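Colleague: Once you've had a glance at the structure underneath, I'll fire off some questions.
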Amino acid sequence: MIAEAGHYALVLALALALIQSTIPVLGARWRDPALMNVALSTALAQLLFVAASFAALVTLHVTSDFSVVNVFENSHSLKPMIYKITGVWGNHEGSMLLWVLILALFGGLVAAFGNNLPLSLRAHVLAVQAWIASAFYLFILITSNPFLRIANPPIEGRDLNPVLQDIGLAVHPPMLYLGYVGFSISFSFAVAALIEGRIDAAWARWVRPWTLVAWIFLTLGIAMGSYWAYYELGWGGWWFWDPVENASLMPWLAGTALLHSLVVMEKRNALKVWTILLSILAFSLSLLGTFLVRSGVLTSVHAFATDPTRGVFILLILCIFIGGSLSLYAWRASALKQGGLFAPISREGALVLNNLFLTTACATVFIGTLYPLALEVVTGDKISVGAPFFNLTFAPLFVPLMIAVPFGPLLAWKRGDLLAAAQRLTAAGVAALIAVAVLWAWTRGGSALAPLAIGLAVFVIAGALSDLAERTGLFRTPFATAMQRARGLRRSTWGTVFAHAGVGVALIGIVCETTWNSEYIGSMRPDDVAKIAGYALKLDGVTHRQGPNFREMAAQFTVSLDGKRLSTMTPSKRNFTTRGSTTTEAALLTRGASQLYISLGDTAADGAIAVRIYHKPMVLLIWFGPVLMALGGMLSLSDRRLRVGAPKAARVPRGLQAAE
Amino acid sequence: MIVGAPAAYAVQPDEIMSDPAKEARARDLSRELRCMVCQNQSIDDSEAPLARDLRLLVRERIAAGDSDAQVIDFLVARYGEFVLLKPRLEPHTLLLWLLPPLALAGGGLALWVHSRRRSGSGSKEDQSLLKLSAEEEARLKQLIAAEPVPDKSA
């Protein structure tokens, strides 16, 4: 009954989406407010029905109703409750349902909070949202229905893939989807602007908060996924340049570029055509990511769906939306008027440079991910493109970008003074040089690249702080005045400082982890001691225990530093009986921002266990960085200017703009 | 080196070469080689039995005195180019390798041309663009008078 109700709710949502796709557009054409406002009620009702459908699937999973295929294949009655819930989206059908739920959520939010939007723009935006939603409802109902029943229900389910039985599954996919799908709003706004043939600074002001929300979630989602892979997969890697990771990185890069170009558009009414293109690209890349992950076209760690009919269907959706929006763009973009002029050396110029590097980086990831597929289809040759390729091509793009980052906020709009900006960055440059010199002296004989890279990171962080000092007049005016000015600074300025500093922090983590990571691989017996980076780890013993739906072998290690006992660590290996598979549960010990990491291998016949121990210096900074970036995004989002709503696009005489 | 223990783990203790320099070379090479039955994993990371065989093979070749390039050539001859995680620069991978620099150069060039064209078209109508008309001057004066002093936040 619940399954059928969930199914039916989804069908109704499709019907509502079809109405929302057409009526508001006609309403906008005939200038009929009543018809345009149909979109409001349908968007909210759609959200209600998709939420009901999703709740039905959750209920089925929670109550372990194995007469439903989806529950039978991905759940087990003994599975802990949290994994029964997260298991809902730990499979293809359920994750698509989560996808449309979030899409409907964003649609509902635009309907609920879009009161300050012009009527026709809102109608068009919601209609475009409904086109996307209709396509995906159809996809779910035709190829991936999560509510199918089994004729003869089995008593027990097949359990969820053990690797996914982790708290990471509760956080990572929802966040990632909030990011992916959030870009649908900027896409809808872009398409609506193209349909209306009108776009101005007010448009940018409406789009920016939505893009920021999506970007914040995508940033956190990617970082969370990276940390999850780091502790779950058992070899301490945190980024693999896996096609599925690339699929999330591409929208992130495009989205980051979009955020920056939106600033130019909002402030200076320039870069309109480019901003529209980026809005389309960011969501197109999200769709591409969905296609890559969901179609099983790439065989990779994450691709747990392999069914060609689905692949073809998503490919169709992809072609219609990307092809359609780009054609519309080609047709209508020339109608958009060019905005303000600016000199190459200016804030706008710096943001354009940012866009150039970010989109090139995005193109690099794109070609590296898709080239092997394309080559195989065209010539039949099979090649691999993996981490070494991306490290070689991606890193050089980020070096000039990061050198430029501190300059951007210090340049004036329209026409900037590079020399003056450089003078203001003297302190940051000196700090960077000191960092390079100290590290060079400290790690003599080591890699020359690492101190330079850390110097660059220090430059970015110190540059962000210099910007702050510059704006508050710190060191130039009395401290109290500076503090008062700091309070008076706009939140978005603080956001920039945090986000830029976050980039530097992440870079320090990445460089330290890859350069000074130390590792011990060996067989250990009880009472053996392994020494790594000054720490001594003694294997106390091995115990076996029974978990809810697995058997576990845990080893206990005592960690000591300079003869002083610090703590114990218990890495384990879990054997999931239903699926007959094993997972390694690494043990982590955090010391400052560094971590000790132990994961277990096989036990030999004589009782010795293969053990891998890593010392990863400063590794946590890799994830602190993105958290700082997201925090910056949130600060920027809380900026008053974005909350009070955009000014009317009508012909209000433009006052003198304060220099910013 | 002992071969034959069941492999279910990335680099096993029993695989490690006694010479640390050679082992380091083996590890570096392993990171560039793909475990062909796995999903985008290098043989250094993979738990698959094939990855173990390849790791042992790499170490065997190093022990036999091969240079890094010879080891790679040997593996490519045996398993094809699919084994390389970083494809070689060859006619069929030209686009792959050249796209990033070309995209950057092309984008940079397009920006330069665009900015030249816009400022160029600007200079033709220099006077009309840079100088305010009398009507605009009047409106500006009126606006300045109406506006409170703008705060100079930067």
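By order of appearance in the structure tokens: chains A, B, ..., then residues from 1 within every chain, and ligands from 1 in the order shown.
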Just the residues within 10 Å of Ile345 of chain A, please, counting only C-alpha atoms, with nothing from its chain fewer than 5 positions along; format it as an mmCIF file with C-alpha atoms, in the first residue's frame.
Modeller:
data_model
loop_
_atom_site.group_PDB
_atom_site.id
_atom_site.type_symbol
_atom_site.label_atom_id
_atom_site.label_comp_id
_atom_site.auth_asym_id
_atom_site.auth_seq_id
_atom_site.Cartn_x
_atom_site.Cartn_y
_atom_site.Cartn_z
ATOM 1 C CA ALA A 350 41.238 40.030 -12.168
ATOM 2 C CA GLY A 408 42.034 40.683 -7.066
ATOM 3 C CA LEU A 411 42.401 46.255 -7.304
ATOM 4 C CA ALA A 412 39.848 48.972 -7.884
ATOM 5 C CA TRP A 413 36.884 48.514 -10.184
ATOM 6 C CA LYS A 414 37.193 49.824 -13.742
ATOM 7 C CA ARG A 415 40.877 50.746 -13.595
ATOM 8 C CA GLY A 416 43.214 49.350 -11.002
ATOM 9 C CA ASP A 417 46.780 50.061 -10.030
ATOM 10 C CA LEU A 418 48.852 46.886 -10.045
#
Colleague: What lies within 10 Å of segment 286-294 of chain A using only C-alpha atoms, ignoring chain neighbours under 4 positions off, as a compact mmCIF listing (two decimals) with N, CA and C atoms, in the first residue's frame?
Modeller:
# COMPACT_ATOMS: atom_id res chain seq x y z
N ASN A 91 21.50 3.65 -3.34
CA ASN A 91 21.29 2.82 -4.53
C ASN A 91 20.76 3.72 -5.63
N HIS A 92 20.76 3.18 -6.84
CA HIS A 92 20.42 4.01 -7.99
C HIS A 92 19.03 4.65 -7.89
N GLU A 93 17.99 3.84 -7.69
CA GLU A 93 16.62 4.36 -7.74
C GLU A 93 16.38 5.39 -6.64
N SER A 95 18.58 7.13 -5.02
CA SER A 95 19.35 8.36 -5.13
C SER A 95 18.73 9.27 -6.19
N MET A 96 18.11 8.69 -7.22
CA MET A 96 17.43 9.54 -8.20
C MET A 96 16.22 10.21 -7.56
N TRP A 99 17.40 13.04 -5.75
CA TRP A 99 17.75 14.08 -6.74
C TRP A 99 16.51 14.92 -7.05
N TYR A 177 24.17 16.56 -3.73
CA TYR A 177 23.00 16.79 -4.57
C TYR A 177 22.46 18.19 -4.38
N GLY A 179 24.20 20.64 -3.90
CA GLY A 179 25.07 21.44 -4.75
C GLY A 179 24.76 21.28 -6.23
N TYR A 180 24.80 20.03 -6.68
CA TYR A 180 24.53 19.71 -8.09
C TYR A 180 23.22 20.35 -8.55
N VAL A 181 22.17 20.00 -7.80
CA VAL A 181 20.83 20.37 -8.22
C VAL A 181 20.60 21.85 -7.99
N GLY A 182 21.31 22.41 -7.00
CA GLY A 182 21.18 23.84 -6.74
C GLY A 182 21.55 24.67 -7.96
N PHE A 183 22.50 24.16 -8.75
CA PHE A 183 22.88 24.91 -9.95
C PHE A 183 21.75 24.94 -10.97
N SER A 184 20.73 24.09 -10.78
CA SER A 184 19.60 24.12 -11.70
C SER A 184 18.91 25.48 -11.62
N PRO A 243 36.82 9.25 -12.22
CA PRO A 243 35.86 9.96 -13.06
C PRO A 243 34.66 10.49 -12.27
N VAL A 244 34.25 9.76 -11.25
CA VAL A 244 33.09 10.20 -10.49
C VAL A 244 33.42 11.42 -9.63
N GLU A 245 34.64 11.44 -9.12
CA GLU A 245 35.07 12.63 -8.39
C GLU A 245 35.19 13.80 -9.35
N ASN A 246 35.75 13.52 -10.53
CA ASN A 246 35.86 14.58 -11.53
C ASN A 246 34.49 15.13 -11.89
N ALA A 247 33.51 14.24 -11.93
CA ALA A 247 32.16 14.65 -12.26
C ALA A 247 31.64 15.68 -11.27
N SER A 248 32.09 15.62 -10.01
CA SER A 248 31.65 16.63 -9.05
C SER A 248 32.58 17.84 -9.06
N LEU A 249 33.82 17.62 -9.46
CA LEU A 249 34.78 18.73 -9.49
C LEU A 249 34.46 19.71 -10.62
N MET A 250 33.99 19.18 -11.76
CA MET A 250 33.73 20.06 -12.91
C MET A 250 32.65 21.11 -12.59
N PRO A 251 31.48 20.70 -12.07
CA PRO A 251 30.50 21.74 -11.71
C PRO A 251 31.04 22.68 -10.65
N TRP A 252 31.89 22.16 -9.77
CA TRP A 252 32.44 23.03 -8.73
C TRP A 252 33.31 24.12 -9.35
N ALA A 254 33.23 25.21 -12.47
CA ALA A 254 32.37 26.11 -13.24
C ALA A 254 31.58 27.00 -12.29
N GLY A 255 31.10 26.43 -11.19
CA GLY A 255 30.31 27.19 -10.22
C GLY A 255 31.15 28.27 -9.54
N LEU A 281 26.58 26.23 -18.26
CA LEU A 281 27.62 25.20 -18.17
C LEU A 281 27.64 24.51 -16.81
N ALA A 282 27.50 25.31 -15.73
CA ALA A 282 27.60 24.72 -14.40
C ALA A 282 26.56 23.62 -14.22
N LEU A 298 31.08 4.74 -17.01
CA LEU A 298 32.42 4.61 -16.49
C LEU A 298 32.37 3.51 -15.47
N THR A 299 33.27 2.58 -15.57
CA THR A 299 33.28 1.60 -14.49
C THR A 299 34.21 2.15 -13.44
N SER A 300 33.63 2.57 -12.34
CA SER A 300 34.47 3.13 -11.29
C SER A 300 33.86 2.82 -9.94
N VAL A 301 34.61 3.17 -8.90
CA VAL A 301 34.23 2.78 -7.54
C VAL A 301 32.78 3.11 -7.22
N HIS A 302 32.33 4.27 -7.71
CA HIS A 302 31.01 4.74 -7.30
C HIS A 302 29.88 4.22 -8.17
N ALA A 303 30.20 3.75 -9.37
CA ALA A 303 29.13 3.45 -10.31
C ALA A 303 28.45 2.15 -9.94
N PHE A 304 27.37 2.28 -9.17
CA PHE A 304 26.70 1.05 -8.80
C PHE A 304 25.43 0.84 -9.62
N ALA A 305 25.36 1.49 -10.75
CA ALA A 305 24.23 1.25 -11.63
C ALA A 305 24.77 0.88 -13.00
N THR A 306 24.39 -0.24 -13.51
CA THR A 306 24.84 -0.59 -14.85
C THR A 306 23.65 -1.14 -15.62
N ASP A 307 23.08 -0.29 -16.43
CA ASP A 307 21.93 -0.68 -17.21
C ASP A 307 21.88 0.27 -18.41
N ARG A 310 18.98 2.90 -19.01
CA ARG A 310 19.07 4.11 -18.19
C ARG A 310 20.06 5.08 -18.79
N GLY A 311 21.22 4.53 -19.20
CA GLY A 311 22.25 5.38 -19.77
C GLY A 311 21.72 6.15 -20.96
N VAL A 312 21.00 5.45 -21.84
CA VAL A 312 20.50 6.10 -23.05
C VAL A 312 19.48 7.18 -22.69
N PHE A 313 18.64 6.87 -21.70
CA PHE A 313 17.62 7.83 -21.28
C PHE A 313 18.27 9.10 -20.73
N ILE A 314 19.26 8.93 -19.84
CA ILE A 314 19.89 10.13 -19.26
C ILE A 314 20.64 10.88 -20.35
N LEU A 315 21.25 10.12 -21.29
CA LEU A 315 21.97 10.77 -22.38
C LEU A 315 21.01 11.65 -23.18
N LEU A 316 19.80 11.14 -23.36
CA LEU A 316 18.77 11.89 -24.08
C LEU A 316 18.44 13.19 -23.33
N ILE A 317 18.23 13.05 -22.01
CA ILE A 317 17.94 14.23 -21.19
C ILE A 317 19.08 15.24 -21.32
N LEU A 318 20.30 14.70 -21.24
CA LEU A 318 21.51 15.51 -21.32
C LEU A 318 21.52 16.30 -22.63
N CYS A 319 21.28 15.57 -23.74
CA CYS A 319 21.36 16.21 -25.06
C CYS A 319 20.28 17.28 -25.19
N PHE A 321 18.69 19.02 -22.83
CA PHE A 321 18.86 20.22 -22.01
C PHE A 321 20.12 20.99 -22.37
N ILE A 322 21.23 20.28 -22.54
CA ILE A 322 22.47 21.00 -22.85
C ILE A 322 22.38 21.57 -24.26
N THR A 369 38.62 13.26 -18.36
CA THR A 369 37.61 12.29 -17.95
C THR A 369 36.96 11.62 -19.16
N LEU A 370 36.69 12.41 -20.19
CA LEU A 370 35.91 11.88 -21.31
C LEU A 370 36.75 11.39 -22.49
Colleague: Can you pull out every residue within 10 Å of Arg61 of chain B, counting only C-alpha atoms, but drop anything in the same chain fewer than 2 positions away, and send it as JSON, numbers by chain?
Modeller: {"B": [26, 56, 57, 58, 59, 63, 64, 65, 66, 67, 68, 70, 71, 72, 74, 75]}
Colleague: Any idea what's packed within 10 Å of Arg88 of chain B, counting only C-alpha atoms, ignoring anything in its chain fewer than 6 positions away? Could you give it as a ChimeraX atom specification?
Modeller: /A:383,389 /B:81,94,97
Colleague: Identify which of the residues A:Thr63, A:Thr496, A:Ser144, A:Asn269 lies closest to Met629 of chain A, counting only C-alpha atoms when measuring atom-to-atom distances.
Modeller: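 Checking each candidate against Met629 of chain A, we get A:Thr496 as the closest.
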Colleague: Given only C-alpha atoms as the basis, pick out the residue of A:Gly563, A:Gly522, A:Pro400, A:Gly234 nearest to chain B.
Modeller: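 With only C-alpha atoms as the atom set, the closest residue is A:Gly522.
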Colleague: Kindly indicate which residue among A:Asp242, A:Glu232, A:Glu196, A:Asp159 lies nearest to chain B, using only C-alpha atoms for the distances.
Modeller: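 Of all the options, A:Asp242 lies closest to chain B.
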Colleague: Quick one: of A:Trp241, A:Trp440, A:Phe283, A:Phe475, who's nearest to chain B, counting only C-alpha atoms?
Modeller: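 Comparing A:Trp241, A:Trp440, A:Phe283, A:Phe475 against chain B, the winner is A:Trp241.
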